[in-house]
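The next block holds one structure in the form of structure tokens; read it before the comments.
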Amino acid sequence: MARRGHVPFRLCAGCGRRVAKRELVRFTVQGDGREVVLDREGARAGRGAYLCASFSCFEQALKKKSLLRRLRAAAVTPDLKEDFMRLLENAGKKE
Ligand SMILES: [Zn+2]
């Protein structure tokens, strides 16, 4: 039985803060090229990395290459930034 009130936390790969997992965006790697992709459902198998739903965290993570390191990925997909921006826009619309 799951304990009520238990909130899983993860580290943001951008700012490094501990944030409730449900408020984070999950990333994972895909394909032979080991490219970083957005995991919209948060349910893909394998190694994951997390970012706050914030563009500054995204930029920090790219600059520090922390997303690549955490995922042991070779590169990010060319569309990753656009995908992330779209996700932020959609998340904003829901509230
Ligand atoms: Zn962050």
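Letters for chains follow the order of the structure tokens (A, B, ...), residue numbers begin at 1 for each chain, and ligand numbers begin at 1 in the order shown.
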Within 12 Å of ligand 1, counting only C-alpha atoms and all ligand atoms, residues as a PyMOL selection string: chain A and resi 10-21+23-26+49-61+66-67
Skipping near chain neighbours, those fewer than 4 positions away, what residues fall within 8 Å of region 76-80 of chain A using only C-alpha atoms, listed as an mmCIF file with N, CA, C and O atoms, in the first residue's frame?
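The result, stored in result.cif:
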data_model
loop_
_atom_site.group_PDB
_atom_site.id
_atom_site.type_symbol
_atom_site.label_atom_id
_atom_site.label_comp_id
_atom_site.auth_asym_id
_atom_site.auth_seq_id
_atom_site.Cartn_x
_atom_site.Cartn_y
_atom_site.Cartn_z
ATOM 1 N N GLU A 35 20.522 9.844 -28.701
ATOM 2 C CA GLU A 35 20.131 11.247 -28.643
ATOM 3 C C GLU A 35 19.129 11.473 -27.515
ATOM 4 O O GLU A 35 18.273 10.633 -27.250
ATOM 5 N N VAL A 36 19.247 12.657 -26.902
ATOM 6 C CA VAL A 36 18.325 13.027 -25.836
ATOM 7 C C VAL A 36 16.977 13.418 -26.436
ATOM 8 O O VAL A 36 16.926 14.219 -27.363
ATOM 9 N N VAL A 37 15.919 12.838 -25.916
ATOM 10 C CA VAL A 37 14.569 13.204 -26.359
ATOM 11 C C VAL A 37 13.709 13.514 -25.139
ATOM 12 O O VAL A 37 13.994 13.081 -24.029
ATOM 13 N N LEU A 38 12.649 14.282 -25.367
ATOM 14 C CA LEU A 38 11.671 14.548 -24.327
ATOM 15 C C LEU A 38 10.863 13.288 -24.060
ATOM 16 O O LEU A 38 10.506 12.582 -24.995
ATOM 17 N N LEU A 68 23.411 15.528 -21.026
ATOM 18 C CA LEU A 68 24.158 14.501 -21.758
ATOM 19 C C LEU A 68 24.858 13.559 -20.788
ATOM 20 O O LEU A 68 24.829 12.339 -20.955
ATOM 21 N N PHE A 84 10.743 21.252 -26.202
ATOM 22 C CA PHE A 84 10.679 21.692 -24.818
ATOM 23 C C PHE A 84 9.861 22.986 -24.712
ATOM 24 O O PHE A 84 9.010 23.120 -23.832
#
DSSP strand (DSSP E or B) residues within region 1-82 of chain A, as number ranges by chain: A: 9-12, 18-20, 24-30, 35-39, 48-52, 75-76
Write the residues of the preceding selection, restricted to N, CA and C atoms, as a CSV table (one decimal), in the first residue's frame.
chain,number,residue,atom,x,y,z
A,9,PHE,N,11.0,13.0,-5.1
A,9,PHE,CA,11.8,14.2,-5.6
A,9,PHE,C,12.9,13.8,-6.5
A,10,ARG,N,13.3,14.6,-7.4
A,10,ARG,CA,14.4,14.4,-8.3
A,10,ARG,C,15.2,15.7,-8.4
A,11,LEU,N,16.5,15.5,-8.8
A,11,LEU,CA,17.3,16.7,-9.0
A,11,LEU,C,17.1,17.2,-10.4
A,12,CYS,N,17.0,18.5,-10.5
A,12,CYS,CA,17.0,19.2,-11.9
A,12,CYS,C,18.4,19.2,-12.4
A,18,ARG,N,16.3,20.1,-5.8
A,18,ARG,CA,15.5,19.0,-5.6
A,18,ARG,C,14.0,19.5,-5.8
A,19,VAL,N,13.3,18.8,-6.7
A,19,VAL,CA,12.0,19.3,-7.0
A,19,VAL,C,11.1,18.1,-7.1
A,20,ALA,N,9.8,18.3,-6.7
A,20,ALA,CA,8.8,17.2,-6.8
A,20,ALA,C,8.8,16.7,-8.3
A,24,LEU,N,8.5,18.1,-12.8
A,24,LEU,CA,9.7,18.1,-13.6
A,24,LEU,C,9.3,17.5,-15.0
A,25,VAL,N,10.2,17.9,-16.0
A,25,VAL,CA,10.1,17.3,-17.3
A,25,VAL,C,11.1,16.2,-17.4
A,26,ARG,N,10.7,15.0,-17.9
A,26,ARG,CA,11.6,13.9,-18.0
A,26,ARG,C,12.2,13.8,-19.4
A,27,PHE,N,13.5,13.5,-19.4
A,27,PHE,CA,14.2,13.3,-20.7
A,27,PHE,C,14.8,11.9,-20.7
A,28,THR,N,14.9,11.3,-21.8
A,28,THR,CA,15.6,10.0,-21.9
A,28,THR,C,16.3,9.9,-23.2
A,29,VAL,N,17.0,8.8,-23.5
A,29,VAL,CA,17.8,8.7,-24.7
A,29,VAL,C,17.1,7.7,-25.6
A,30,GLN,N,17.3,7.9,-26.9
A,30,GLN,CA,16.6,7.1,-27.9
A,30,GLN,C,17.6,6.8,-29.1
A,35,GLU,N,20.5,9.8,-28.7
A,35,GLU,CA,20.1,11.2,-28.6
A,35,GLU,C,19.1,11.5,-27.5
A,36,VAL,N,19.2,12.7,-26.9
A,36,VAL,CA,18.3,13.0,-25.8
A,36,VAL,C,17.0,13.4,-26.4
A,37,VAL,N,15.9,12.8,-25.9
A,37,VAL,CA,14.6,13.2,-26.4
A,37,VAL,C,13.7,13.5,-25.1
A,38,LEU,N,12.6,14.3,-25.4
A,38,LEU,CA,11.7,14.5,-24.3
A,38,LEU,C,10.9,13.3,-24.1
A,39,ASP,N,10.6,13.1,-22.8
A,39,ASP,CA,9.7,11.9,-22.5
A,39,ASP,C,8.4,12.5,-21.9
A,48,GLY,N,16.7,8.1,-17.0
A,48,GLY,CA,16.0,9.3,-17.2
A,48,GLY,C,16.8,10.5,-16.6
A,49,ALA,N,16.5,11.7,-17.0
A,49,ALA,CA,17.0,12.9,-16.4
A,49,ALA,C,15.9,13.9,-16.3
A,50,TYR,N,16.0,14.8,-15.4
A,50,TYR,CA,14.9,15.7,-15.2
A,50,TYR,C,15.3,17.1,-15.2
A,51,LEU,N,14.3,18.0,-15.6
A,51,LEU,CA,14.5,19.4,-15.6
A,51,LEU,C,13.3,20.1,-15.1
A,52,CYS,N,13.4,21.2,-14.4
A,52,CYS,CA,12.3,22.1,-14.1
A,52,CYS,C,11.6,22.5,-15.4
A,75,ALA,N,24.3,13.2,-27.9
A,75,ALA,CA,23.9,14.4,-28.5
A,75,ALA,C,22.4,14.7,-28.1
A,76,VAL,N,21.9,15.9,-28.4
A,76,VAL,CA,20.5,16.1,-28.2
A,76,VAL,C,19.9,16.2,-29.6
Point-to-point distance in Å for CA of Glu89 (chain A) and CA of Arg47 (chain A):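 Result for CA of Arg47 (chain A) versus CA of Glu89 (chain A): 25.7 Å, one decimal.
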Å distance separating CA of Arg69 (chain A) from CA of Arg44 (chain A), one decimal place: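 Spanning CA of Arg69 (chain A) to CA of Arg44 (chain A) is a straight-line distance of 18.4 Å.
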Nearest-residue call for Leu87 (chain A), choices A:Gly31, A:Pro8, A:Lys64, A:Arg40, using only C-alpha atoms: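 Result for the nearest residue to Leu87 (chain A): A:Arg40.
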Distance in Å - CA of Ala74 (chain A) versus CA of Asn90 (chain A): 28.0 Å
Give me every helix (DSSP H, G or I) residue in chain A, going by DSSP on the backbone, as a compact mmCIF listing (two decimals) with N, CA, C and O atoms, in the first residue's frame.
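Just written: states_35.txt:
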# COMPACT_ATOMS: atom_id res chain seq x y z
N LYS A 21 8.88 15.34 -8.37
CA LYS A 21 9.01 14.72 -9.69
C LYS A 21 7.89 15.12 -10.65
O LYS A 21 8.12 15.30 -11.84
N ARG A 22 6.68 15.28 -10.14
CA ARG A 22 5.56 15.59 -11.04
C ARG A 22 5.66 16.99 -11.64
O ARG A 22 4.98 17.29 -12.61
N GLU A 23 6.50 17.85 -11.05
CA GLU A 23 6.68 19.19 -11.60
C GLU A 23 7.84 19.27 -12.58
O GLU A 23 8.13 20.32 -13.12
N PHE A 55 12.79 27.44 -19.02
CA PHE A 55 13.74 27.52 -20.11
C PHE A 55 15.16 27.78 -19.60
O PHE A 55 16.13 27.30 -20.18
N SER A 56 15.30 28.50 -18.50
CA SER A 56 16.65 28.77 -17.99
C SER A 56 17.31 27.48 -17.51
O SER A 56 18.51 27.29 -17.69
N CYS A 57 16.54 26.57 -16.94
CA CYS A 57 17.11 25.28 -16.52
C CYS A 57 17.53 24.47 -17.74
O CYS A 57 18.57 23.82 -17.74
N PHE A 58 16.74 24.55 -18.79
CA PHE A 58 17.05 23.85 -20.04
C PHE A 58 18.39 24.36 -20.60
O PHE A 58 19.27 23.58 -20.95
N GLU A 59 18.53 25.68 -20.64
CA GLU A 59 19.77 26.25 -21.18
C GLU A 59 20.98 25.91 -20.31
O GLU A 59 22.04 25.60 -20.83
N GLN A 60 20.80 25.97 -19.01
CA GLN A 60 21.90 25.60 -18.11
C GLN A 60 22.33 24.16 -18.32
O GLN A 60 23.51 23.84 -18.34
N ALA A 61 21.33 23.30 -18.46
CA ALA A 61 21.63 21.88 -18.62
C ALA A 61 22.38 21.61 -19.92
O ALA A 61 23.25 20.74 -19.97
N LEU A 62 22.06 22.37 -20.96
CA LEU A 62 22.77 22.20 -22.22
C LEU A 62 24.19 22.76 -22.11
O LEU A 62 25.15 22.15 -22.57
N LYS A 63 24.30 23.91 -21.48
CA LYS A 63 25.59 24.56 -21.35
C LYS A 63 26.56 23.71 -20.53
O LYS A 63 27.71 23.53 -20.87
N SER A 66 25.00 18.72 -18.60
CA SER A 66 24.59 17.81 -17.53
C SER A 66 23.53 16.83 -18.00
O SER A 66 23.47 15.70 -17.53
N LEU A 67 22.69 17.25 -18.95
CA LEU A 67 21.71 16.31 -19.51
C LEU A 67 22.42 15.16 -20.21
O LEU A 67 22.09 13.99 -20.01
N LEU A 68 23.41 15.53 -21.03
CA LEU A 68 24.16 14.50 -21.76
C LEU A 68 24.86 13.56 -20.79
O LEU A 68 24.83 12.34 -20.96
N ARG A 69 25.47 14.13 -19.78
CA ARG A 69 26.22 13.30 -18.82
C ARG A 69 25.30 12.35 -18.07
O ARG A 69 25.58 11.18 -17.92
N ARG A 70 24.19 12.91 -17.58
CA ARG A 70 23.30 12.08 -16.77
C ARG A 70 22.70 10.95 -17.58
O ARG A 70 22.42 9.88 -17.07
N LEU A 71 22.47 11.22 -18.85
CA LEU A 71 21.84 10.20 -19.70
C LEU A 71 22.86 9.36 -20.45
O LEU A 71 22.51 8.44 -21.15
N LEU A 80 15.01 19.26 -29.99
CA LEU A 80 14.76 19.17 -28.55
C LEU A 80 14.31 20.50 -27.95
O LEU A 80 13.36 20.56 -27.17
N LYS A 81 14.99 21.58 -28.35
CA LYS A 81 14.65 22.89 -27.80
C LYS A 81 13.22 23.27 -28.16
O LYS A 81 12.46 23.73 -27.31
N GLU A 82 12.87 23.03 -29.42
CA GLU A 82 11.53 23.36 -29.89
C GLU A 82 10.47 22.53 -29.14
O GLU A 82 9.44 23.03 -28.73
N ASP A 83 10.76 21.24 -28.98
CA ASP A 83 9.84 20.36 -28.26
C ASP A 83 9.64 20.86 -26.83
O ASP A 83 8.53 20.86 -26.30
N PHE A 84 10.74 21.25 -26.20
CA PHE A 84 10.68 21.69 -24.82
C PHE A 84 9.86 22.99 -24.71
O PHE A 84 9.01 23.12 -23.83
N MET A 85 10.11 23.92 -25.64
CA MET A 85 9.37 25.18 -25.65
C MET A 85 7.87 24.93 -25.82
O MET A 85 7.05 25.56 -25.17
N ARG A 86 7.55 24.00 -26.71
CA ARG A 86 6.14 23.68 -26.96
C ARG A 86 5.50 23.10 -25.70
O ARG A 86 4.37 23.42 -25.34
N LEU A 87 6.26 22.27 -25.04
CA LEU A 87 5.74 21.67 -23.81
C LEU A 87 5.48 22.73 -22.75
O LEU A 87 4.47 22.70 -22.05
N LEU A 88 6.38 23.70 -22.63
CA LEU A 88 6.18 24.79 -21.67
C LEU A 88 4.94 25.59 -22.01
O LEU A 88 4.15 25.93 -21.13
N GLU A 89 4.76 25.88 -23.30
CA GLU A 89 3.57 26.63 -23.73
C GLU A 89 2.30 25.87 -23.38
O GLU A 89 1.36 26.43 -22.84
N ASN A 90 2.29 24.59 -23.69
CA ASN A 90 1.09 23.79 -23.43
C ASN A 90 0.82 23.68 -21.94
O ASN A 90 -0.32 23.72 -21.51
N ALA A 91 1.87 23.56 -21.16
CA ALA A 91 1.70 23.45 -19.71
C ALA A 91 1.10 24.75 -19.17
O ALA A 91 0.26 24.72 -18.27
N GLY A 92 1.54 25.88 -19.74
CA GLY A 92 1.01 27.16 -19.29
C GLY A 92 -0.47 27.33 -19.60
O GLY A 92 -1.21 27.91 -18.82
N LYS A 93 -0.88 26.76 -20.72
CA LYS A 93 -2.27 26.91 -21.15
C LYS A 93 -3.26 26.15 -20.26
O LYS A 93 -4.40 26.51 -20.14
N LYS A 94 -2.74 25.07 -19.66
CA LYS A 94 -3.63 24.23 -18.86
C LYS A 94 -4.10 24.95 -17.60
O LYS A 94 -5.13 24.63 -17.04
